[in-house]
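Asker: So here's query.cif (mmCIF, C-alpha atoms).
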data_my_file
#
loop_
_atom_site.label_atom_id
_atom_site.label_comp_id
_atom_site.auth_asym_id
_atom_site.auth_seq_id
_atom_site.Cartn_x
_atom_site.Cartn_y
_atom_site.Cartn_z
CA MET A 155 4.93 -35.13 -8.37
CA THR A 156 5.05 -36.12 -12.04
CA PRO A 157 8.10 -35.08 -14.11
CA THR A 158 6.06 -32.61 -16.22
CA ARG A 159 4.70 -30.87 -13.13
CA LYS A 160 8.16 -30.76 -11.62
CA LYS A 161 9.50 -29.22 -14.80
CA ARG A 162 6.76 -26.56 -14.81
CA LEU A 163 7.39 -25.77 -11.15
CA ILE A 164 11.12 -25.36 -11.76
CA LEU A 165 10.36 -23.20 -14.79
CA ILE A 166 8.15 -20.89 -12.75
CA ALA A 167 10.72 -20.70 -9.94
CA ALA A 168 13.45 -19.89 -12.47
CA MET A 169 11.25 -17.21 -14.01
CA LEU A 170 10.64 -15.62 -10.59
CA VAL A 171 14.33 -15.67 -9.74
CA GLY A 172 15.25 -14.21 -13.14
CA VAL A 173 12.70 -11.41 -12.97
CA GLY A 174 13.69 -10.78 -9.36
CA ILE A 175 17.37 -10.39 -10.22
CA ALA A 176 16.59 -8.17 -13.20
CA THR A 177 14.39 -5.92 -11.06
CA ALA A 178 16.95 -5.79 -8.26
CA LEU A 179 19.64 -4.71 -10.74
CA ALA A 180 17.40 -2.11 -12.34
CA VAL A 181 16.31 -0.73 -8.99
CA THR A 182 19.89 -0.49 -7.70
CA ALA A 183 20.95 1.20 -10.93
CA PHE A 184 18.23 3.83 -10.52
CA ASN A 185 18.70 4.05 -6.78
CA ASP A 186 19.66 7.72 -6.78
CA ASN A 187 16.75 8.67 -9.01
CA LEU A 188 14.29 6.89 -6.75
CA MET A 189 15.23 9.10 -3.83
CA PHE A 190 12.45 11.58 -3.43
CA TYR A 191 14.54 14.22 -1.67
CA PHE A 192 18.04 15.11 -0.52
CA SER A 193 18.95 15.67 3.12
CA PRO A 194 20.54 18.98 4.18
CA SER A 195 23.91 17.22 4.68
CA GLU A 196 23.78 15.85 1.14
CA VAL A 197 23.13 19.37 -0.10
CA ALA A 198 26.06 20.63 2.00
CA GLN A 199 28.27 17.99 0.40
CA GLY A 200 27.25 19.25 -3.01
CA LYS A 201 25.40 16.09 -4.03
CA ALA A 202 22.30 18.01 -5.08
CA PRO A 203 22.08 19.19 -8.70
CA ALA A 204 22.93 22.85 -9.20
CA ASP A 205 21.31 23.31 -12.61
CA HIS A 206 17.76 22.09 -12.01
CA PRO A 207 15.22 22.09 -9.15
CA PHE A 208 15.44 19.39 -6.50
CA ARG A 209 13.83 18.55 -3.16
CA VAL A 210 15.26 18.93 0.31
CA GLY A 211 13.77 17.06 3.25
CA GLY A 212 14.44 17.67 6.92
CA LEU A 213 13.06 18.96 10.18
CA VAL A 214 12.07 22.59 10.57
CA THR A 215 14.55 24.00 13.10
CA THR A 216 12.81 25.07 16.29
CA GLY A 217 12.60 28.85 16.56
CA SER A 218 13.68 29.47 12.98
CA VAL A 219 10.31 30.27 11.38
CA GLN A 220 10.00 33.95 10.45
CA ARG A 221 7.00 35.32 8.64
CA GLN A 222 7.37 38.40 6.43
CA PRO A 223 4.88 41.28 6.70
CA ASP A 224 3.19 40.28 3.44
CA GLY A 225 1.86 37.23 5.30
CA LEU A 226 2.81 34.73 2.63
CA THR A 227 6.58 34.68 2.62
CA VAL A 228 8.15 32.48 5.25
CA GLN A 229 11.77 31.91 6.12
CA PHE A 230 12.90 28.93 8.12
CA SER A 231 15.77 26.50 8.21
CA LEU A 232 15.79 22.78 7.62
CA THR A 233 18.05 20.46 9.53
CA ASP A 234 18.92 16.77 9.75
CA ASN A 235 20.80 17.43 13.00
CA GLN A 236 24.08 17.54 11.07
CA SER A 237 23.68 20.30 8.51
CA THR A 238 21.23 23.14 8.30
CA ILE A 239 19.98 24.88 5.20
CA PRO A 240 18.02 28.18 5.10
CA VAL A 241 14.78 28.06 3.11
CA GLN A 242 12.55 30.79 1.77
CA TYR A 243 9.02 30.09 0.56
CA THR A 244 6.12 32.18 -0.64
CA GLY A 245 2.75 30.48 -0.56
CA ILE A 246 0.34 28.50 1.55
CA LEU A 247 1.90 26.03 3.94
CA PRO A 248 0.31 22.62 4.60
CA ASP A 249 -1.58 22.02 7.86
CA LEU A 250 1.15 19.90 9.36
CA PHE A 251 3.84 22.55 8.90
CA ARG A 252 5.26 23.49 12.30
CA GLU A 253 8.57 23.74 14.06
CA GLY A 254 10.20 20.38 14.60
CA GLN A 255 8.04 18.79 11.89
CA GLY A 256 9.53 16.97 8.93
CA ILE A 257 8.88 18.73 5.63
CA ILE A 258 10.01 18.47 2.03
CA ALA A 259 10.69 21.62 0.00
CA LYS A 260 11.12 21.74 -3.77
CA GLY A 261 13.13 24.50 -5.41
CA ARG A 262 16.70 25.50 -6.03
CA LEU A 263 19.63 27.11 -4.27
CA ASN A 264 20.29 30.78 -5.03
CA ASP A 265 23.73 32.37 -5.11
CA SER A 266 23.77 33.26 -1.42
CA GLY A 267 23.07 29.64 -0.41
CA VAL A 268 19.40 30.13 0.42
CA PHE A 269 17.07 27.42 -0.83
CA VAL A 270 14.21 29.17 -2.63
CA ALA A 271 11.25 26.79 -2.54
CA ASP A 272 8.23 26.89 -4.80
CA GLU A 273 6.50 23.95 -3.08
CA VAL A 274 6.50 22.84 0.54
CA LEU A 275 5.04 19.46 1.53
CA ALA A 276 4.66 18.18 5.07
CA LYS A 277 6.04 14.73 5.71
CA HIS A 278 4.04 12.88 8.29
CA ASP A 279 5.79 10.35 10.51
CA GLU A 280 4.49 6.92 11.40
CA ASN A 281 3.40 7.81 14.95
CA TYR A 282 -0.25 8.03 15.88
CA MET A 283 -1.42 8.92 19.39
CA PRO A 284 -4.13 10.86 21.19
CA PRO A 285 -3.22 14.45 22.19
CA GLU A 286 -3.14 13.60 25.92
CA VAL A 287 -0.50 10.92 25.34
CA ALA A 288 1.56 13.32 23.22
CA ASP A 289 1.34 15.95 25.98
CA SER A 290 2.40 13.58 28.73
CA LEU A 291 5.27 12.30 26.57
CA LYS A 292 6.40 15.90 26.08
CA THR A 293 6.26 16.68 29.79
CA ALA A 294 8.16 13.51 30.59
CA ARG A 295 10.88 14.46 28.12
CA GLN A 296 11.17 17.98 29.51
CA GLY A 297 11.32 16.55 33.02
CA MET A 298 14.37 14.56 31.97
CA GLY A 299 15.99 17.69 30.59
CA ASP A 300 15.57 16.65 26.95
CA GLN A 301 14.98 19.69 24.81
CA ARG A 302 13.39 17.83 21.90
CA MET B 871 -5.66 -33.41 4.82
CA MET B 872 -4.57 -34.28 1.30
CA ARG B 873 -7.86 -36.09 0.76
CA PHE B 874 -9.75 -33.00 1.82
CA ILE B 875 -7.75 -30.89 -0.64
CA HIS B 876 -8.43 -33.37 -3.41
CA ARG B 877 -12.14 -33.33 -2.65
CA LEU B 878 -12.16 -29.55 -2.50
CA ALA B 879 -10.60 -29.41 -5.95
CA SER B 880 -13.62 -31.16 -7.42
CA PRO B 881 -15.84 -28.45 -8.91
CA LYS B 882 -19.16 -29.71 -7.56
CA TYR B 883 -17.88 -30.16 -4.00
CA PHE B 884 -16.22 -26.73 -4.05
CA TYR B 885 -19.42 -25.17 -5.35
CA ASP B 886 -21.36 -26.56 -2.38
CA VAL B 887 -18.75 -25.74 0.29
CA ALA B 888 -18.17 -22.22 -1.05
CA GLY B 889 -21.91 -21.62 -1.10
CA ARG B 890 -22.06 -22.48 2.58
CA ILE B 891 -19.06 -20.28 3.52
CA VAL B 892 -20.24 -17.16 1.66
CA PRO B 893 -23.02 -16.08 4.08
CA TRP B 894 -20.81 -16.61 7.14
CA ALA B 895 -17.94 -14.62 5.69
CA GLY B 896 -20.29 -11.97 4.30
CA TRP B 897 -22.17 -11.35 7.54
CA GLY B 898 -18.94 -11.55 9.53
CA ALA B 899 -17.41 -8.92 7.26
CA LEU B 900 -20.44 -6.63 7.59
CA ILE B 901 -20.48 -6.87 11.39
CA LEU B 902 -16.73 -6.38 11.79
CA ILE B 903 -16.64 -3.46 9.36
CA LEU B 904 -19.56 -1.77 11.12
CA VAL B 905 -17.98 -2.29 14.56
CA GLY B 906 -14.55 -1.22 13.32
CA ALA B 907 -15.95 1.83 11.54
CA TYR B 908 -17.94 2.97 14.58
CA TRP B 909 -15.02 2.39 16.92
CA GLY B 910 -12.53 4.00 14.57
CA LEU B 911 -14.62 6.95 13.41
CA VAL B 912 -16.46 7.78 16.64
CA GLU B 913 -14.85 6.17 19.68
CA ALA B 914 -11.14 6.36 18.92
CA PRO B 915 -9.40 9.57 20.03
CA ALA B 916 -8.26 12.16 17.51
CA ASP B 917 -4.59 12.23 16.58
CA TYR B 918 -2.29 14.73 18.34
CA GLN B 919 -1.15 16.24 15.05
CA GLN B 920 -3.63 15.34 12.34
CA GLY B 921 -6.80 15.69 14.40
CA ASP B 922 -9.72 13.87 12.85
CA SER B 923 -8.13 13.57 9.42
CA PHE B 924 -6.13 10.58 10.57
CA ARG B 925 -9.34 8.51 10.65
CA ILE B 926 -9.00 7.75 6.95
CA ILE B 927 -6.38 5.25 8.15
CA TYR B 928 -9.27 2.88 8.95
CA VAL B 929 -10.05 2.50 5.26
CA HIS B 930 -6.74 3.34 3.65
CA VAL B 931 -4.46 0.96 5.52
CA PRO B 932 -6.65 -2.18 5.42
CA ALA B 933 -7.33 -1.52 1.73
CA ALA B 934 -3.61 -1.22 1.03
CA TRP B 935 -2.87 -4.40 2.97
CA MET B 936 -5.58 -6.22 1.03
CA SER B 937 -4.23 -4.96 -2.29
CA LEU B 938 -0.90 -6.67 -1.53
CA PHE B 939 -2.42 -9.78 0.06
CA ILE B 940 -4.85 -10.44 -2.77
CA TYR B 941 -2.09 -10.03 -5.33
CA VAL B 942 0.00 -12.72 -3.61
CA VAL B 943 -3.06 -15.01 -3.43
CA MET B 944 -3.77 -14.39 -7.11
CA ALA B 945 -0.18 -15.14 -8.17
CA ALA B 946 0.05 -18.22 -5.93
CA ALA B 947 -3.25 -19.59 -7.23
CA GLY B 948 -2.10 -18.82 -10.76
CA ALA B 949 1.15 -20.72 -10.17
CA ILE B 950 -0.75 -23.71 -8.76
CA GLY B 951 -2.98 -23.61 -11.81
CA LEU B 952 0.05 -23.51 -14.10
CA VAL B 953 1.88 -26.41 -12.45
CA TRP B 954 -0.94 -28.76 -11.51
CA ARG B 955 -3.52 -27.56 -14.05
CA ILE B 956 -6.16 -27.37 -11.34
CA LYS B 957 -9.18 -25.62 -12.76
CA LEU B 958 -10.24 -24.26 -9.38
CA ALA B 959 -6.91 -22.56 -8.77
CA GLU B 960 -7.24 -20.79 -12.12
CA ILE B 961 -10.72 -19.67 -11.16
CA ILE B 962 -9.66 -18.37 -7.74
CA ALA B 963 -6.81 -16.45 -9.39
CA ILE B 964 -8.98 -14.68 -11.93
CA ALA B 965 -11.82 -14.12 -9.46
CA SER B 966 -9.35 -12.31 -7.17
CA ALA B 967 -8.14 -9.82 -9.78
CA PRO B 968 -11.08 -7.35 -9.84
CA ILE B 969 -11.37 -7.40 -6.04
CA GLY B 970 -7.67 -6.69 -5.65
CA ALA B 971 -7.85 -3.94 -8.25
CA SER B 972 -10.73 -2.32 -6.34
CA PHE B 973 -8.79 -2.37 -3.07
CA THR B 974 -5.74 -0.89 -4.81
CA PHE B 975 -7.90 1.86 -6.28
CA LEU B 976 -9.47 2.50 -2.88
CA ALA B 977 -6.05 2.74 -1.23
CA LEU B 978 -4.85 5.19 -3.89
CA VAL B 979 -7.96 7.38 -3.69
CA THR B 980 -8.13 7.52 0.12
CA GLY B 981 -4.41 8.21 0.28
CA SER B 982 -4.82 11.03 -2.19
CA LEU B 983 -7.72 12.55 -0.25
CA TRP B 984 -5.61 12.45 2.90
CA GLY B 985 -2.53 13.72 1.14
CA LYS B 986 -4.07 17.02 0.06
CA PRO B 987 -4.72 18.44 3.55
CA MET B 988 -1.80 16.70 5.29
CA TRP B 989 1.06 16.75 2.81
CA GLY B 990 -0.25 19.63 0.73
CA THR B 991 -0.54 17.65 -2.50
CA TRP B 992 -2.85 15.08 -4.06
CA TRP B 993 -0.09 13.08 -5.63
CA VAL B 994 3.69 12.85 -5.78
CA TRP B 995 5.84 10.44 -7.74
CA ASP B 996 7.61 8.95 -4.76
CA ALA B 997 8.54 5.29 -4.59
CA ARG B 998 5.56 4.13 -2.48
CA LEU B 999 2.86 5.88 -4.47
CA THR B 1000 4.35 4.97 -7.82
CA SER B 1001 4.80 1.28 -7.00
CA GLU B 1002 1.22 1.07 -5.70
CA LEU B 1003 0.01 2.64 -8.96
CA ILE B 1004 2.01 0.01 -10.88
CA LEU B 1005 0.19 -2.62 -8.80
CA LEU B 1006 -3.13 -1.25 -10.06
CA PHE B 1007 -1.87 -1.47 -13.64
CA LEU B 1008 -0.71 -5.06 -13.02
CA TYR B 1009 -4.18 -6.02 -11.82
CA LEU B 1010 -5.76 -4.34 -14.83
CA GLY B 1011 -3.23 -6.03 -17.10
CA VAL B 1012 -4.07 -9.46 -15.68
CA MET B 1013 -7.79 -8.80 -16.18
CA ALA B 1014 -7.32 -7.47 -19.70
CA LEU B 1015 -5.10 -10.37 -20.73
CA TYR B 1016 -7.60 -12.86 -19.37
CA GLY B 1017 -10.41 -11.16 -21.22
CA ALA B 1018 -8.48 -10.97 -24.48
CA VAL B 1019 -8.05 -14.73 -24.93
CA GLU B 1020 -11.05 -16.71 -26.08
CA ASP B 1021 -10.15 -20.09 -24.57
CA LYS B 1022 -10.52 -19.61 -20.83
CA ARG B 1023 -7.98 -22.25 -19.81
CA MET B 1024 -5.36 -20.72 -22.06
CA ALA B 1025 -6.35 -17.24 -20.84
CA SER B 1026 -5.82 -18.37 -17.26
CA ARG B 1027 -2.33 -19.58 -18.03
CA ALA B 1028 -1.34 -16.35 -19.76
CA ALA B 1029 -2.79 -14.24 -16.95
CA ALA B 1030 -1.05 -16.39 -14.35
CA ILE B 1031 2.35 -15.81 -15.95
CA LEU B 1032 1.79 -12.05 -15.90
CA ALA B 1033 0.63 -12.24 -12.29
CA ILE B 1034 3.73 -14.22 -11.26
CA VAL B 1035 6.07 -11.77 -13.00
CA GLY B 1036 4.36 -8.92 -11.16
CA VAL B 1037 5.06 -10.48 -7.76
CA VAL B 1038 8.45 -8.72 -7.72
CA ASN B 1039 6.52 -5.49 -7.18
CA ILE B 1040 5.12 -6.67 -3.83
CA PRO B 1041 8.34 -6.45 -1.75
CA ILE B 1042 9.14 -3.21 -3.56
CA ILE B 1043 5.86 -1.67 -2.40
CA HIS B 1044 6.32 -2.89 1.14
CA TYR B 1045 9.94 -1.84 1.56
CA SER B 1046 9.84 1.27 -0.64
CA VAL B 1047 9.45 3.51 2.42
CA GLU B 1048 12.52 1.94 4.03
CA TRP B 1049 14.81 1.62 1.03
CA TRP B 1050 14.33 5.13 -0.30
CA ASN B 1051 13.42 8.59 0.88
CA THR B 1052 9.73 8.93 0.28
CA LEU B 1053 7.04 11.42 1.17
CA HIS B 1054 4.92 8.53 2.40
CA GLN B 1055 5.65 7.68 6.03
CA GLY B 1056 7.27 4.45 7.16
CA PRO B 1057 5.38 1.40 8.44
CA THR B 1058 3.35 1.91 11.63
CA VAL B 1059 2.07 -1.60 12.28
CA THR B 1060 3.76 -4.06 9.90
CA LYS B 1061 7.24 -4.01 11.37
CA LEU B 1062 9.14 -6.03 13.93
CA ASP B 1063 9.10 -3.30 16.59
CA LYS B 1064 6.10 -2.40 18.66
CA PRO B 1065 3.45 -0.63 16.52
CA SER B 1066 3.90 3.13 16.76
CA ILE B 1067 0.20 3.77 17.20
CA ALA B 1068 -1.74 4.04 20.45
CA PRO B 1069 -3.59 0.78 21.28
CA GLU B 1070 -7.01 2.44 21.39
CA MET B 1071 -6.40 3.57 17.80
CA LEU B 1072 -4.87 0.25 16.72
CA TRP B 1073 -7.72 -2.06 17.75
CA PRO B 1074 -10.35 -0.67 15.38
CA LEU B 1075 -7.73 -0.79 12.63
CA LEU B 1076 -7.15 -4.50 13.19
CA ILE B 1077 -10.90 -5.16 13.33
CA MET B 1078 -11.34 -3.36 10.03
CA ALA B 1079 -8.47 -5.41 8.56
CA VAL B 1080 -10.14 -8.68 9.55
CA GLY B 1081 -13.46 -7.37 8.24
CA PHE B 1082 -11.85 -6.55 4.88
CA GLN B 1083 -10.33 -10.06 4.80
CA LEU B 1084 -13.72 -11.66 5.34
CA TYR B 1085 -15.22 -9.40 2.68
CA TYR B 1086 -12.58 -10.69 0.28
CA VAL B 1087 -13.33 -14.31 1.22
CA ALA B 1088 -17.04 -13.77 0.62
CA THR B 1089 -16.68 -11.94 -2.69
CA VAL B 1090 -13.95 -14.16 -4.12
CA LEU B 1091 -16.02 -17.28 -3.40
CA MET B 1092 -19.11 -15.69 -4.93
CA ARG B 1093 -17.19 -14.73 -8.06
CA ALA B 1094 -15.51 -18.15 -8.21
CA ARG B 1095 -18.88 -19.94 -8.02
CA VAL B 1096 -20.24 -17.92 -10.92
CA GLU B 1097 -17.09 -18.44 -12.98
CA LEU B 1098 -17.23 -22.15 -12.19
CA LEU B 1099 -20.83 -22.46 -13.37
CA GLU B 1100 -19.96 -20.66 -16.57
CA ARG B 1101 -16.96 -22.84 -17.33
CA GLU B 1102 -18.71 -26.07 -16.37
CA ARG B 1103 -22.00 -25.21 -18.02
CA ASN B 1104 -21.91 -28.35 -20.17
CA SER B 1105 -21.07 -30.73 -17.36
CA ARG B 1106 -23.63 -32.99 -15.78
CA TRP B 1107 -23.60 -31.55 -12.29
CA VAL B 1108 -24.39 -28.06 -13.53
CA GLN B 1109 -27.16 -29.38 -15.78
CA GLU B 1110 -28.64 -31.18 -12.78
CA LEU B 1111 -28.27 -28.06 -10.68
CA VAL B 1112 -30.22 -25.81 -13.03
CA GLN B 1113 -32.86 -28.36 -13.96
CA PRO B 1114 -34.37 -29.67 -10.77
CA ARG B 1115 -35.76 -33.15 -11.17
#
Write the structure described by the file as structure tokens, please.
Answerer:
Amino acid sequence: MTPTRKKRLILIAAMLVGVGIATALAVTAFNDNLMFYFSPSEVAQGKAPADHPFRVGGLVTTGSVQRQPDGLTVQFSLTDNQSTIPVQYTGILPDLFREGQGIIAKGRLNDSGVFVADEVLAKHDENYMPPEVADSLKTARQGMGDQR
Amino acid sequence: MMRFIHRLASPKYFYDVAGRIVPWAGWGALILILVGAYWGLVEAPADYQQGDSFRIIYVHVPAAWMSLFIYVVMAAAGAIGLVWRIKLAEIIAIASAPIGASFTFLALVTGSLWGKPMWGTWWVWDARLTSELILLFLYLGVMALYGAVEDKRMASRAAAILAIVGVVNIPIIHYSVEWWNTLHQGPTVTKLDKPSIAPEMLWPLLIMAVGFQLYYVATVLMRARVELLERERNSRWVQELVQPR
């Protein structure tokens, strides 16, 4: 390799390293802002902002979904298996909304500690399988006494 | 091996070899994409939660993989062009940009179409979606910068520098779903564990991915040949090519 080429190669490597470090620093600095949602335990610890809307993400607690007579208002609770937060939402729920499913709600806490959501998004997980497989997995789990 | 690389770097030889590869890659891509699409859209079982909507995975995921892969190829070729001043590397780099931009756009659009029924929204500013959008802007920036400079060798160098700087975005896109809370789900296939997708759903996905790769090979070589002819239009071998004796 000729000296000029070597110099250019080193220059490019140095540029990559420099930009990489700068980006890493910037990304770490903004780490909290890059989080799309808070977990129920973070909300319980008071990490969520009180003065403006934020998002909570968690699993819909099994058996907690209650629909109001008007057909649009739903109450359910969100959990991360450590803390649970009650949520109230009026509007159309996404297709994937169901008990045990991960969802993200956007809104704010009211005075009685209920999270009043104005948007509910379903978070899909990374698992893909045919319905038969899902059924047999479920039966196997119940056979072992797992309630999940 | 080195001799082969040196020969390949000669414009005329590359033009001939690329011309012979294009039909193979093109037909291979067509066959694999047709097989993968039939298998994925018709034969593969529906998902236990998403039903038939999950089938957009067969376009979305390979397109997203290609958007990252092509960017790395473009930046690497750009770097080779910068260091060794190899004309062909510059040409491969700039020929890749529009193809990569198209795959990025495709990944964004298919993701959005899937997001509306599944998530309940077309778009959110989470880390994965935002970084993929930045990737599209990087591609467009590389293309615009290349187009803005008159001298094509100088344009290639400028575009290559931008492409190399943008490489930092690639690990961010890939790991965004692990580093931060995002609405986008975590990796299904590209992780060290066993893929969390049933094998009969995974196979068509992999076939589509290989098909998309071959499509890229075919189109990038086609674009590179045209770009090569344009840049070398005053050289003897091109003159001989267009004026048969």
Asker: Write out as a PyMOL selection string which residues come within 7 Å of region 246-260 of chain A when counting only C-alpha atoms, dropping same-chain ones fewer than 4 positions away.
Answerer: (chain A and resi 207-217+226+271-278) or (chain B and resi 987-990)
Asker: Generate a file of the selected residues that holds C-alpha atoms, formatted as a compact mmCIF listing (two decimals), in the coordinates of the input.
Answerer:
# COMPACT_ATOMS: atom_id res chain seq x y z
CA PRO A 207 15.22 22.09 -9.15
CA PHE A 208 15.44 19.39 -6.50
CA ARG A 209 13.83 18.55 -3.16
CA VAL A 210 15.26 18.93 0.31
CA GLY A 211 13.77 17.06 3.25
CA GLY A 212 14.44 17.67 6.92
CA LEU A 213 13.06 18.96 10.18
CA VAL A 214 12.07 22.59 10.57
CA THR A 215 14.55 24.00 13.10
CA THR A 216 12.81 25.07 16.29
CA GLY A 217 12.60 28.85 16.56
CA LEU A 226 2.81 34.73 2.63
CA ALA A 271 11.25 26.79 -2.54
CA ASP A 272 8.23 26.89 -4.80
CA GLU A 273 6.50 23.95 -3.08
CA VAL A 274 6.50 22.84 0.54
CA LEU A 275 5.04 19.46 1.53
CA ALA A 276 4.66 18.18 5.07
CA LYS A 277 6.04 14.73 5.71
CA HIS A 278 4.04 12.88 8.29
CA PRO B 987 -4.72 18.44 3.55
CA MET B 988 -1.80 16.70 5.29
CA TRP B 989 1.06 16.75 2.81
CA GLY B 990 -0.25 19.63 0.73
Asker: May I ask for the distance between CA of Ala202 (chain A) and CA of Thr244 (chain A), given in Å to one decimal place?
Answerer: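 Between CA of Ala202 (chain A) and CA of Thr244 (chain A) the gap is 22.0 Å.
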Asker: Dump as a PyMOL selection string all residues having an atom at most 10 Å from (-1.6, -1.5, -10.8), computed in the file's coordinates with all atoms listed in the file.
Answerer: chain B and resi 937+970-971+974-975+1000-1012+1036+1039
Asker: Taking C-alpha atoms for each residue, export the selection above as an mmCIF file, in the frame of the given file.
Answerer:
data_model
loop_
_atom_site.group_PDB
_atom_site.id
_atom_site.type_symbol
_atom_site.label_atom_id
_atom_site.label_comp_id
_atom_site.auth_asym_id
_atom_site.auth_seq_id
_atom_site.Cartn_x
_atom_site.Cartn_y
_atom_site.Cartn_z
ATOM 1 C CA SER B 937 -4.230 -4.960 -2.290
ATOM 2 C CA GLY B 970 -7.670 -6.690 -5.650
ATOM 3 C CA ALA B 971 -7.850 -3.940 -8.250
ATOM 4 C CA THR B 974 -5.740 -0.890 -4.810
ATOM 5 C CA PHE B 975 -7.900 1.860 -6.280
ATOM 6 C CA THR B 1000 4.350 4.970 -7.820
ATOM 7 C CA SER B 1001 4.800 1.280 -7.000
ATOM 8 C CA GLU B 1002 1.220 1.070 -5.700
ATOM 9 C CA LEU B 1003 0.010 2.640 -8.960
ATOM 10 C CA ILE B 1004 2.010 0.010 -10.880
ATOM 11 C CA LEU B 1005 0.190 -2.620 -8.800
ATOM 12 C CA LEU B 1006 -3.130 -1.250 -10.060
ATOM 13 C CA PHE B 1007 -1.870 -1.470 -13.640
ATOM 14 C CA LEU B 1008 -0.710 -5.060 -13.020
ATOM 15 C CA TYR B 1009 -4.180 -6.020 -11.820
ATOM 16 C CA LEU B 1010 -5.760 -4.340 -14.830
ATOM 17 C CA GLY B 1011 -3.230 -6.030 -17.100
ATOM 18 C CA VAL B 1012 -4.070 -9.460 -15.680
ATOM 19 C CA GLY B 1036 4.360 -8.920 -11.160
ATOM 20 C CA ASN B 1039 6.520 -5.490 -7.180
#
Asker: Taking all atoms listed in the file into account and nothing else, which residues of chain A lie no more than 7 Å away from chain B? Please answer as an NGL selection string.
Answerer: :A and (159 or 162-163 or 170 or 173-174 or 188-191 or 248-250 or 275-285 or 288)
Asker: If you measure from CA of Met155 (chain A) to CA of Ile175 (chain A), what distance in Å do you get, rounded to one decimal?
Answerer: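 Answer for the CA of Met155 (chain A) to CA of Ile175 (chain A) separation: 27.8 Å.
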Asker: Quick one: which residues end up in the PyMOL selection byres ((chain B and resi 897) around 12) for this structure, as a list in words?
Answerer: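 When the PyMOL selection byres ((chain B and resi 897) around 12) is applied to the shown file, the picked residues are Ile891, Val892, Pro893, Trp894, Ala895, Gly896, Gly898, Ala899, Leu900, Ile901, Leu902, Ile903, Leu904, Gly1081, Phe1082, Leu1084, Tyr1085, Val1087, Ala1088 and Thr1089 of chain B.
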Asker: Show me, as JSON, the centre and edge lengths in Å to one decimal of the axis-aligned box that covers every listed atom of region 921-937 of chain B with 6 Å on each side.
Answerer:
{"center_x": -6.5, "center_y": 4.7, "center_z": 6.1, "size_x": 19.2, "size_y": 33.9, "size_z": 28.7}
Asker: Excluding Arg1101 (chain B) and residues on its chain fewer than 4 positions from it, collect all residues at most 10 Å away from it, counting only C-alpha atoms, and give them as a list in words.
Answerer: Lys957, Ile961, Lys1022, Arg1023, Arg1095, Val1096, Glu1097, Ser1105 and Val1108 of chain B
Asker: Quick check on the file I pasted: which residues fall under the PyMOL selection byres ((chain B and resi 1075) around 9)? Write them as a VMD selection string.
Answerer: chain B and resid 906 to 907 910 927 to 929 931 to 932 1071 to 1074 1076 to 1080
Asker: Between CA of Phe184 (chain A) and CA of Arg262 (chain A), what is the spacing in Å?
Answerer: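 Result for CA of Arg262 (chain A) versus CA of Phe184 (chain A): 22.2 Å, one decimal.
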Asker: Counting all atoms listed in the file, which of A:Gly245, A:Gly261, A:Pro194, A:Gly267 gets nearest to Thr233 (chain A)?
Answerer: A:Pro194
